[in-house]
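Asks: Below is the file structure-v4.cif, with mmCIF, C-alpha atoms.
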```
data_final
loop_
_atom_site.group_PDB
_atom_site.id
_atom_site.type_symbol
_atom_site.label_atom_id
_atom_site.label_comp_id
_atom_site.auth_asym_id
_atom_site.auth_seq_id
_atom_site.Cartn_x
_atom_site.Cartn_y
_atom_site.Cartn_z
ATOM 1 C CA MET A 271 -19.938 11.375 14.314
ATOM 2 C CA ASN A 272 -22.774 10.411 16.684
ATOM 3 C CA PRO A 273 -22.135 9.417 20.338
ATOM 4 C CA LEU A 274 -23.010 5.754 19.747
ATOM 5 C CA GLU A 275 -20.494 5.434 16.913
ATOM 6 C CA THR A 276 -17.857 7.211 19.002
ATOM 7 C CA PHE A 277 -18.473 4.783 21.883
ATOM 8 C CA ARG A 278 -18.170 1.814 19.525
ATOM 9 C CA LEU A 279 -14.862 3.042 18.149
ATOM 10 C CA VAL A 280 -13.501 3.641 21.641
ATOM 11 C CA VAL A 281 -14.435 0.137 22.827
ATOM 12 C CA VAL A 282 -13.395 -1.748 19.684
ATOM 13 C CA TYR A 283 -10.206 0.135 18.835
ATOM 14 C CA LEU A 284 -8.980 2.673 21.359
ATOM 15 C CA LEU A 285 -9.062 0.595 24.541
ATOM 16 C CA PRO A 286 -7.074 -2.225 22.892
ATOM 17 C CA ALA A 287 -4.765 0.472 21.502
ATOM 18 C CA LEU A 288 -3.937 1.725 24.976
ATOM 19 C CA LEU A 289 -3.117 -1.830 26.036
ATOM 20 C CA ALA A 290 -0.955 -2.285 22.933
ATOM 21 C CA LEU A 291 0.901 0.938 23.673
ATOM 22 C CA LEU A 292 1.439 -0.035 27.302
ATOM 23 C CA LEU A 293 2.781 -3.461 26.395
ATOM 24 C CA GLY A 294 4.581 -2.331 23.254
ATOM 25 C CA THR A 295 2.951 -2.204 19.838
ATOM 26 C CA PRO A 296 3.411 -5.451 17.894
ATOM 27 C CA SER A 297 6.030 -4.950 15.183
ATOM 28 C CA SER A 298 3.983 -6.943 12.694
ATOM 29 C CA PRO A 299 0.460 -5.593 12.066
ATOM 30 C CA THR A 300 -2.408 -8.038 12.125
ATOM 31 C CA GLY A 301 -4.629 -8.555 9.106
ATOM 32 C CA ALA A 302 -3.111 -7.194 5.918
ATOM 33 C CA SER A 303 0.613 -6.687 6.423
ATOM 34 C CA PRO A 304 2.152 -3.727 4.615
ATOM 35 C CA SER A 305 4.695 -4.564 1.932
ATOM 36 C CA PHE A 306 8.115 -2.955 1.810
ATOM 37 C CA PRO A 307 10.694 -2.838 -0.979
ATOM 38 C CA SER A 308 13.183 -5.706 -0.860
ATOM 39 C CA SER A 309 15.978 -3.264 -1.675
ATOM 40 C CA ASN A 310 16.590 0.452 -2.032
ATOM 41 C CA ALA A 311 15.942 0.324 -5.738
ATOM 42 C CA SER A 312 14.078 3.426 -6.752
ATOM 43 C CA SER A 313 10.525 3.380 -8.041
ATOM 44 C CA ASN A 314 8.935 6.308 -9.843
ATOM 45 C CA ALA A 315 5.478 4.863 -10.350
ATOM 46 C CA PRO A 316 3.090 7.415 -11.872
ATOM 47 C CA PRO A 317 0.553 8.947 -9.464
ATOM 48 C CA GLY A 318 -2.735 7.090 -9.250
ATOM 49 C CA SER A 319 -5.774 6.805 -7.019
ATOM 50 C CA SER A 320 -3.777 4.885 -4.397
ATOM 51 C CA ALA A 321 -0.330 6.438 -4.910
ATOM 52 C CA VAL A 322 0.823 9.064 -2.427
ATOM 53 C CA PHE A 323 4.171 10.837 -2.324
ATOM 54 C CA VAL A 324 5.438 12.188 0.993
ATOM 55 C CA ASP A 325 8.373 14.338 2.037
ATOM 56 C CA GLY A 326 9.735 16.340 4.945
ATOM 57 C CA SER A 327 11.534 19.662 4.752
ATOM 58 C CA VAL A 328 14.092 20.835 7.325
ATOM 59 C CA THR A 329 16.122 24.047 7.199
ATOM 60 C CA ARG A 330 18.493 24.856 10.037
ATOM 61 C CA GLY A 331 17.026 27.441 12.395
ATOM 62 C CA LYS A 332 13.551 27.285 10.856
ATOM 63 C CA PRO A 333 10.438 25.109 11.453
ATOM 64 C CA ALA A 334 10.240 21.804 9.618
ATOM 65 C CA GLY A 335 7.425 21.038 7.189
ATOM 66 C CA VAL A 336 5.609 18.053 5.689
ATOM 67 C CA GLY A 337 4.175 17.592 2.221
ATOM 68 C CA VAL A 338 1.731 14.947 0.978
ATOM 69 C CA TRP A 339 0.934 14.810 -2.731
ATOM 70 C CA TYR A 340 -1.564 12.622 -4.598
ATOM 71 C CA GLY A 341 -2.178 14.549 -7.780
ATOM 72 C CA VAL A 342 -3.144 17.944 -9.122
ATOM 73 C CA GLY A 343 -6.122 19.295 -7.199
ATOM 74 C CA HIS A 344 -6.506 16.168 -5.041
ATOM 75 C CA PRO A 345 -8.426 16.871 -1.798
ATOM 76 C CA LEU A 346 -5.925 14.868 0.288
ATOM 77 C CA ASN A 347 -2.925 16.949 -0.795
ATOM 78 C CA PHE A 348 -1.501 18.470 2.370
ATOM 79 C CA ALA A 349 1.180 20.908 3.493
ATOM 80 C CA ALA A 350 1.931 22.111 7.017
ATOM 81 C CA ALA A 351 4.661 23.164 9.402
ATOM 82 C CA LEU A 352 5.659 20.932 12.324
ATOM 83 C CA PRO A 353 6.023 22.133 15.935
ATOM 84 C CA SER A 354 9.482 23.605 16.449
ATOM 85 C CA PRO A 355 12.062 22.737 17.698
ATOM 86 C CA THR A 356 10.829 19.202 18.503
ATOM 87 C CA PHE A 357 10.541 18.141 14.855
ATOM 88 C CA ASP A 358 13.538 20.040 13.483
ATOM 89 C CA ASP A 359 15.225 16.806 12.441
ATOM 90 C CA ASN A 360 15.245 15.451 8.904
ATOM 91 C CA ASN A 361 14.460 11.815 9.767
ATOM 92 C CA LEU A 362 11.716 12.869 12.156
ATOM 93 C CA ALA A 363 10.147 15.161 9.550
ATOM 94 C CA GLU A 364 10.155 12.306 7.012
ATOM 95 C CA LEU A 365 8.488 9.990 9.547
ATOM 96 C CA ALA A 366 5.932 12.698 10.375
ATOM 97 C CA ALA A 367 5.084 13.023 6.670
ATOM 98 C CA VAL A 368 4.301 9.296 6.460
ATOM 99 C CA PHE A 369 2.211 9.505 9.642
ATOM 100 C CA VAL A 370 0.221 12.448 8.226
ATOM 101 C CA ALA A 371 -0.448 10.539 4.998
ATOM 102 C CA LEU A 372 -1.512 7.391 6.884
ATOM 103 C CA ILE A 373 -3.944 9.086 9.252
ATOM 104 C CA ARG A 374 -5.569 11.203 6.514
ATOM 105 C CA HIS A 375 -5.946 8.399 3.947
ATOM 106 C CA PRO A 376 -9.297 6.522 4.068
ATOM 107 C CA ARG A 377 -8.655 3.450 6.218
ATOM 108 C CA HIS A 378 -10.261 0.923 3.864
ATOM 109 C CA ALA A 379 -8.669 2.267 0.651
ATOM 110 C CA PRO A 380 -5.481 0.835 -0.924
ATOM 111 C CA MET A 381 -2.370 2.943 -0.432
ATOM 112 C CA LYS A 382 1.058 3.070 -2.067
ATOM 113 C CA ILE A 383 3.408 5.317 -0.088
ATOM 114 C CA HIS A 384 6.391 6.707 -1.976
ATOM 115 C CA THR A 385 9.182 8.121 0.189
ATOM 116 C CA ASP A 386 12.806 9.062 -0.449
ATOM 117 C CA SER A 387 13.696 8.223 3.174
ATOM 118 C CA ALA A 388 15.459 4.918 3.799
ATOM 119 C CA TYR A 389 15.170 5.701 7.515
ATOM 120 C CA VAL A 390 11.342 5.589 7.376
ATOM 121 C CA ILE A 391 11.350 2.196 5.669
ATOM 122 C CA GLN A 392 13.937 0.827 8.083
ATOM 123 C CA THR A 393 11.900 2.124 11.039
ATOM 124 C CA LEU A 394 8.495 0.803 10.027
ATOM 125 C CA ASP A 395 9.549 -2.438 8.342
ATOM 126 C CA PRO A 396 9.947 -5.131 11.045
ATOM 127 C CA ASP A 397 12.292 -7.108 8.769
ATOM 128 C CA ARG A 398 14.777 -4.267 8.334
ATOM 129 C CA ARG A 399 16.887 -2.474 10.922
ATOM 130 C CA PRO A 400 19.039 0.656 10.725
ATOM 131 C CA THR A 401 22.734 0.013 10.207
ATOM 132 C CA LEU A 402 25.090 0.254 13.176
ATOM 133 C CA LYS A 403 26.575 3.469 11.753
ATOM 134 C CA ARG A 404 23.120 5.055 11.501
ATOM 135 C CA LEU A 405 22.177 3.940 15.012
ATOM 136 C CA LYS A 406 25.338 5.513 16.442
ATOM 137 C CA ARG A 407 24.574 8.751 14.633
ATOM 138 C CA LEU A 408 20.992 8.806 15.924
ATOM 139 C CA LYS A 409 22.163 8.145 19.491
ATOM 140 C CA ARG A 410 24.845 10.854 19.427
ATOM 141 C CA ARG A 411 23.864 13.428 22.052
ATOM 142 C CA PRO A 412 24.032 17.193 21.440
ATOM 143 C CA SER A 413 26.738 19.072 23.335
ATOM 144 C CA SER A 414 24.968 22.128 24.769
ATOM 145 C CA PRO A 415 22.138 21.895 27.381
ATOM 146 C CA ALA A 416 19.691 23.573 25.008
ATOM 147 C CA ARG A 417 20.501 21.185 22.168
ATOM 148 C CA ARG A 418 20.413 18.264 24.583
ATOM 149 C CA ARG A 419 16.864 19.184 25.638
ATOM 150 C CA SER A 420 15.885 19.505 21.983
ATOM 151 C CA GLY A 421 17.473 16.120 21.264
ATOM 152 C CA ASP A 422 15.568 14.487 24.121
ATOM 153 C CA ALA A 423 12.295 15.975 22.831
ATOM 154 C CA SER A 424 13.030 14.708 19.315
ATOM 155 C CA ALA A 425 13.800 11.220 20.634
ATOM 156 C CA ALA A 426 10.488 11.153 22.513
ATOM 157 C CA ALA A 427 8.654 12.333 19.395
ATOM 158 C CA ARG A 428 10.386 9.648 17.316
ATOM 159 C CA ARG A 429 9.191 6.920 19.700
ATOM 160 C CA ALA A 430 5.639 8.306 19.819
ATOM 161 C CA LEU A 431 5.414 8.681 16.040
ATOM 162 C CA THR A 432 6.781 5.205 15.385
ATOM 163 C CA ARG A 433 4.220 3.616 17.705
ATOM 164 C CA ALA A 434 1.378 5.682 16.250
ATOM 165 C CA ALA A 435 2.335 4.889 12.641
ATOM 166 C CA ARG A 436 2.519 1.156 13.406
ATOM 167 C CA LEU A 437 -0.924 1.294 14.977
ATOM 168 C CA LEU A 438 -2.350 2.986 11.875
ATOM 169 C CA LEU A 439 -0.781 0.304 9.678
ATOM 170 C CA ARG A 440 -2.257 -2.380 11.934
ATOM 171 C CA TRP A 441 -5.740 -0.838 11.649
ATOM 172 C CA ARG A 442 -5.794 -0.558 7.887
ATOM 173 C CA ASP A 443 -7.690 -3.859 7.854
ATOM 174 C CA SER A 444 -7.492 -5.691 4.535
ATOM 175 C CA ALA A 445 -6.603 -2.588 2.521
ATOM 176 C CA PRO A 446 -3.337 -3.210 0.651
ATOM 177 C CA THR A 447 -0.574 -0.912 1.918
ATOM 178 C CA SER A 448 2.859 -0.760 0.322
ATOM 179 C CA PHE A 449 5.992 1.372 0.610
ATOM 180 C CA ARG A 450 8.255 2.343 -2.265
ATOM 181 C CA LYS A 451 11.699 3.903 -1.967
ATOM 182 C CA VAL A 452 12.211 6.669 -4.528
ATOM 183 C CA ARG A 453 15.284 8.736 -5.312
ATOM 184 C CA GLY A 454 15.114 12.198 -3.805
ATOM 185 C CA HIS A 455 15.752 15.297 -5.928
ATOM 186 C CA ALA A 456 16.145 13.171 -9.033
ATOM 187 C CA GLY A 457 13.388 14.740 -11.123
ATOM 188 C CA GLY A 458 10.616 12.310 -10.174
ATOM 189 C CA PHE A 459 7.396 14.267 -10.598
ATOM 190 C CA GLY A 460 5.541 12.994 -7.536
ATOM 191 C CA ASN A 461 8.535 13.247 -5.215
ATOM 192 C CA GLU A 462 9.357 16.768 -6.410
ATOM 193 C CA ARG A 463 5.778 17.893 -5.809
ATOM 194 C CA ALA A 464 5.807 16.446 -2.282
ATOM 195 C CA ASP A 465 9.136 18.172 -1.657
ATOM 196 C CA ARG A 466 7.766 21.532 -2.797
ATOM 197 C CA LEU A 467 4.652 21.122 -0.655
ATOM 198 C CA ALA A 468 6.834 20.302 2.359
ATOM 199 C CA ALA A 469 8.843 23.472 1.773
ATOM 200 C CA LEU A 470 5.617 25.424 1.358
ATOM 201 C CA GLY A 471 4.288 24.026 4.636
ATOM 202 C CA ALA A 472 7.494 24.882 6.486
ATOM 203 C CA ARG A 473 7.171 28.525 5.417
ATOM 204 C CA SER A 474 3.482 28.723 6.309
ATOM 205 C CA ALA A 475 1.788 29.744 9.529
ATOM 206 C CA PHE A 476 -0.273 26.520 9.543
ATOM 207 C CA VAL A 477 1.197 24.170 12.174
ATOM 208 C CA THR A 478 -0.236 20.664 12.251
ATOM 209 C CA ALA A 479 -1.605 19.899 15.705
ATOM 210 C CA PHE A 480 -2.369 16.173 15.362
ATOM 211 C CA VAL A 481 1.169 14.771 15.202
ATOM 212 C CA PRO A 482 1.919 13.090 18.586
ATOM 213 C CA ALA A 483 5.177 14.219 20.149
ATOM 214 C CA THR A 484 5.186 12.476 23.541
ATOM 215 C CA ALA A 485 3.948 9.344 25.280
ATOM 216 C CA THR A 486 1.403 11.569 27.040
ATOM 217 C CA ASP A 487 -0.160 12.374 23.680
ATOM 218 C CA LEU A 488 -0.570 8.663 23.002
ATOM 219 C CA PHE A 489 -1.886 7.659 26.432
ATOM 220 C CA SER A 490 -4.497 10.409 26.908
ATOM 221 C CA PRO A 491 -7.413 9.478 24.621
ATOM 222 C CA PHE A 492 -9.837 11.640 26.558
ATOM 223 C CA GLY A 493 -7.459 14.585 26.709
ATOM 224 C CA ARG A 494 -7.265 17.519 24.404
ATOM 225 C CA HIS A 495 -4.583 16.370 21.995
ATOM 226 C CA ALA A 496 -5.807 16.630 18.408
ATOM 227 C CA TRP A 497 -4.321 13.275 17.370
ATOM 228 C CA TRP A 498 -7.124 11.394 19.140
ATOM 229 C CA ARG A 499 -9.774 13.365 17.263
ATOM 230 C CA GLU A 500 -7.999 12.574 14.011
ATOM 231 C CA LEU A 501 -7.693 8.938 15.070
ATOM 232 C CA LEU A 502 -11.442 8.627 15.669
ATOM 233 C CA ARG A 503 -12.060 10.104 12.225
ATOM 234 C CA PHE A 504 -9.531 7.662 10.709
ATOM 235 C CA LEU A 505 -11.151 4.675 12.444
ATOM 236 C CA SER A 506 -14.559 5.721 11.121
ATOM 237 C CA GLY A 507 -13.172 5.158 7.617
ATOM 238 C CA THR A 508 -13.389 8.708 6.278
ATOM 239 C CA GLY A 509 -10.556 10.708 4.764
ATOM 240 C CA GLY A 510 -8.878 13.775 6.209
ATOM 241 C CA VAL A 511 -10.565 17.157 5.945
ATOM 242 C CA GLY A 512 -8.705 20.262 4.826
ATOM 243 C CA ARG A 513 -5.358 20.659 3.115
ATOM 244 C CA GLY A 514 -3.373 22.482 5.768
ATOM 245 C CA ALA A 515 -1.462 25.427 4.358
ATOM 246 C CA ILE A 516 -2.974 24.867 0.917
ATOM 247 C CA VAL A 517 -5.926 27.164 0.233
ATOM 248 C CA GLY A 518 -8.288 27.436 -2.688
ATOM 249 C CA ASP A 519 -6.740 30.450 -4.396
ATOM 250 C CA GLY A 520 -3.271 28.936 -4.456
ATOM 251 C CA SER A 521 -1.804 30.964 -1.593
ATOM 252 C CA VAL A 522 -0.669 29.946 1.878
ATOM 253 C CA SER A 523 -1.153 31.419 5.312
ATOM 254 C CA HIS A 524 2.169 33.293 5.184
ATOM 255 C CA ASP A 525 3.446 36.269 3.242
ATOM 256 C CA ASP A 526 6.325 34.224 1.824
ATOM 257 C CA SER A 527 4.229 32.011 -0.434
ATOM 258 C CA HIS A 528 4.552 30.689 -3.969
ATOM 259 C CA ASP A 529 2.285 29.129 -6.544
ATOM 260 C CA ASP A 530 3.032 25.450 -5.783
ATOM 261 C CA SER A 531 0.161 25.249 -3.306
ATOM 262 C CA HIS A 532 -2.531 24.626 -5.886
ATOM 263 C CA ASP A 533 -1.054 21.129 -6.351
#
```
Would you mind writing the file out in structure tokens?

Replies:
Amino acid sequence: MNPLETFRLVVVYLLPALLALLLGTPSSPTGASPSFPSSNASSNAPPGSSAVFVDGSVTRGKPAGVGVWYGVGHPLNFAAALPSPTFDDNNLAELAAVFVALIRHPRHAPMKIHTDSAYVIQTLDPDRRPTLKRLKRLKRRPSSPARRRSGDASAAARRALTRAARLLLRWRDSAPTSFRKVRGHAGGFGNERADRLAALGARSAFVTAFVPATATDLFSPFGRHAWWRELLRFLSGTGGVGRGAIVGDGSVSHDDSHDDSHD
């Protein structure tokens, strides 16, 4: 990207973004509003050029992972581990998977996001809110000091990710964006592939560096955080480069690999 184009993107998008973050990102994106399911009815639409299946993987005591699956051999398929212990939370891993899919998908291309997480839909849909029971569970504080610090870090990451994901939805211009709730672990091909990629990513040595975890990450566009570099690439309209832990020969950057990675 040449300096002139970078300057244009900063002036047109990033400066207003900082203002939006300072004042609070609007809950309803401008332009083309994303569509959300009216209920939790499952949808197992077959994969297509605009269909993407996402999933997060969390195992107690181990790093979390994200998986993004479009189709066999698709260049936007992605698997990676998330920074631990900040993202070692199931809801947060699911939200991170959606964020990864959004920022890597070409900004002007239609997108149908399939997730088995009701929490993600409730978080990003301005017309839906988590139930009181779920809110109480999310607000429950860990008992030990170490777990309390981890819980505080996860809460900060949840706020940062939610704001970032809403900004990406706002900037998708007129490209149709929709969310579909699918049943997890029910044999749906796309969801199962995303699940296996998320597990693969969690076991790998490839840790995604562009997922914002704090307000500092969001407010420092000229800093070193990788999310701003990815954001500039997203705003330019091009798709993500690389497939994380997925490599050409079907292996991952960890000894404990399996043959799912070629997907």

Asks: Selected by the PyMOL selection byres ((chain A and resi 389) around 9) in the shown coordinates: which residues, as an mmCIF file with C-alpha atoms, in the coordinates of the input?

Replies:
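New file selection_14.cif:
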```cif
data_model
loop_
_atom_site.group_PDB
_atom_site.id
_atom_site.type_symbol
_atom_site.label_atom_id
_atom_site.label_comp_id
_atom_site.auth_asym_id
_atom_site.auth_seq_id
_atom_site.Cartn_x
_atom_site.Cartn_y
_atom_site.Cartn_z
ATOM 1 C CA ASN A 361 14.460 11.815 9.767
ATOM 2 C CA GLU A 364 10.155 12.306 7.012
ATOM 3 C CA LEU A 365 8.488 9.990 9.547
ATOM 4 C CA ASP A 386 12.806 9.062 -0.449
ATOM 5 C CA SER A 387 13.696 8.223 3.174
ATOM 6 C CA ALA A 388 15.459 4.918 3.799
ATOM 7 C CA VAL A 390 11.342 5.589 7.376
ATOM 8 C CA ILE A 391 11.350 2.196 5.669
ATOM 9 C CA GLN A 392 13.937 0.827 8.083
ATOM 10 C CA THR A 393 11.900 2.124 11.039
ATOM 11 C CA LEU A 394 8.495 0.803 10.027
ATOM 12 C CA PRO A 400 19.039 0.656 10.725
ATOM 13 C CA ARG A 404 23.120 5.055 11.501
#
```

Asks: Select, from A:Gly454, A:Pro482, A:Gly509, A:Pro304, the residue with the minimum atom-to-atom distance to Arg442 in chain A, counting only C-alpha atoms.

Replies: A:Pro304

Asks: Using all atoms listed in the file, what does the table of range 305-394 of chain A residues within 6 Å of range 455-478 of chain A look like, with each row giving the shortest atom pair and its distance in Å to one decimal, sorted by chain and ascending number, as a Markdown table?

Replies:
```
| residue | atom | partner | partner_atom | distance |
| --- | --- | --- | --- | --- |
| A:Phe323 | CA | A:Asn461 | CA | 5.8 |
| A:Val324 | CA | A:Ala464 | CA | 5.4 |
| A:Asp325 | CA | A:Asp465 | CA | 5.4 |
| A:Gly326 | CA | A:Ala468 | CA | 5.5 |
| A:Ser327 | CA | A:Ala468 | CA | 5.3 |
| A:Pro333 | CA | A:Ala472 | CA | 5.8 |
| A:Ala334 | CA | A:Ala472 | CA | 5.2 |
| A:Gly335 | CA | A:Ala472 | CA | 3.9 |
| A:Val336 | CA | A:Ala468 | CA | 4.2 |
| A:Gly337 | CA | A:Ala468 | CA | 3.8 |
| A:Val338 | CA | A:Ala464 | CA | 5.4 |
| A:Trp339 | CA | A:Ala464 | CA | 5.2 |
| A:Ala349 | CA | A:Gly471 | CA | 4.5 |
| A:Ala350 | CA | A:Gly471 | CA | 3.9 |
| A:Ala351 | CA | A:Ala472 | CA | 4.4 |
| A:Leu352 | CA | A:Val477 | CA | 5.5 |
```

Asks: Could you give me, as a PyMOL selection string, the residues that have an atom at most 10 Å away from the point (-8.3, 18.7, 5.9) in the coordinates of the file, using only C-alpha atoms?

Replies: chain A and resi 345-348+374+509-516

Asks: Please write as JSON, numbers by chain the full residue list that the PyMOL selection byres ((chain A and resi 427) around 12) yields on this file.

Replies: {"A": [352, 353, 354, 355, 356, 357, 358, 359, 361, 362, 363, 365, 366, 420, 421, 422, 423, 424, 425, 426, 428, 429, 430, 431, 432, 433, 434, 435, 481, 482, 483, 484, 485, 486, 487, 488]}

Asks: Write the residues you've just listed into a file as an mmCIF file, in the frame of the given file, and include C-alpha atoms for each of them.

Replies:
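The resulting selection-v3.cif:
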```cif
data_model
loop_
_atom_site.group_PDB
_atom_site.id
_atom_site.type_symbol
_atom_site.label_atom_id
_atom_site.label_comp_id
_atom_site.auth_asym_id
_atom_site.auth_seq_id
_atom_site.Cartn_x
_atom_site.Cartn_y
_atom_site.Cartn_z
ATOM 1 C CA LEU A 352 5.659 20.932 12.324
ATOM 2 C CA PRO A 353 6.023 22.133 15.935
ATOM 3 C CA SER A 354 9.482 23.605 16.449
ATOM 4 C CA PRO A 355 12.062 22.737 17.698
ATOM 5 C CA THR A 356 10.829 19.202 18.503
ATOM 6 C CA PHE A 357 10.541 18.141 14.855
ATOM 7 C CA ASP A 358 13.538 20.040 13.483
ATOM 8 C CA ASP A 359 15.225 16.806 12.441
ATOM 9 C CA ASN A 361 14.460 11.815 9.767
ATOM 10 C CA LEU A 362 11.716 12.869 12.156
ATOM 11 C CA ALA A 363 10.147 15.161 9.550
ATOM 12 C CA LEU A 365 8.488 9.990 9.547
ATOM 13 C CA ALA A 366 5.932 12.698 10.375
ATOM 14 C CA SER A 420 15.885 19.505 21.983
ATOM 15 C CA GLY A 421 17.473 16.120 21.264
ATOM 16 C CA ASP A 422 15.568 14.487 24.121
ATOM 17 C CA ALA A 423 12.295 15.975 22.831
ATOM 18 C CA SER A 424 13.030 14.708 19.315
ATOM 19 C CA ALA A 425 13.800 11.220 20.634
ATOM 20 C CA ALA A 426 10.488 11.153 22.513
ATOM 21 C CA ARG A 428 10.386 9.648 17.316
ATOM 22 C CA ARG A 429 9.191 6.920 19.700
ATOM 23 C CA ALA A 430 5.639 8.306 19.819
ATOM 24 C CA LEU A 431 5.414 8.681 16.040
ATOM 25 C CA THR A 432 6.781 5.205 15.385
ATOM 26 C CA ARG A 433 4.220 3.616 17.705
ATOM 27 C CA ALA A 434 1.378 5.682 16.250
ATOM 28 C CA ALA A 435 2.335 4.889 12.641
ATOM 29 C CA VAL A 481 1.169 14.771 15.202
ATOM 30 C CA PRO A 482 1.919 13.090 18.586
ATOM 31 C CA ALA A 483 5.177 14.219 20.149
ATOM 32 C CA THR A 484 5.186 12.476 23.541
ATOM 33 C CA ALA A 485 3.948 9.344 25.280
ATOM 34 C CA THR A 486 1.403 11.569 27.040
ATOM 35 C CA ASP A 487 -0.160 12.374 23.680
ATOM 36 C CA LEU A 488 -0.570 8.663 23.002
#
```

Asks: Could you check which of A:Met381, A:Ala479, A:Val368, A:Leu502 is closest to Pro446 in chain A, using all atoms listed in the file?

Replies: A:Met381

Asks: If you measure from CA of Pro380 in chain A to CA of Ala321 in chain A, what distance in Å do you get, rounded to one decimal?

Replies: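 Going from CA of Pro380 in chain A over to CA of Ala321 in chain A covers 8.6 Å.
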
Asks: Quick one: of A:His378, A:Ser320, A:Leu505, A:Lys332, who's nearest to Ser444 in chain A, counting all atoms listed in the file?

Replies: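 Looking only at the distances to Ser444 in chain A, the closest residue turns out to be A:His378.
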
Asks: Take CA of Gly507 in chain A and CA of Ala379 in chain A and report the distance between them in Å, one decimal.

Replies: 8.8 Å

Asks: State, in Å with one decimal place, the distance from CA of Leu438 in chain A to CA of Ala371 in chain A.

Replies: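 Computed distance, CA of Leu438 in chain A to CA of Ala371 in chain A, equals 10.4 Å.
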
Asks: Of the residues A:Ala496, A:Val517, A:Ile383, A:Leu501, which is the one nearest to Phe449 in chain A, using only C-alpha atoms?

Replies: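 Checking each candidate against Phe449 in chain A, we get A:Ile383 as the closest.
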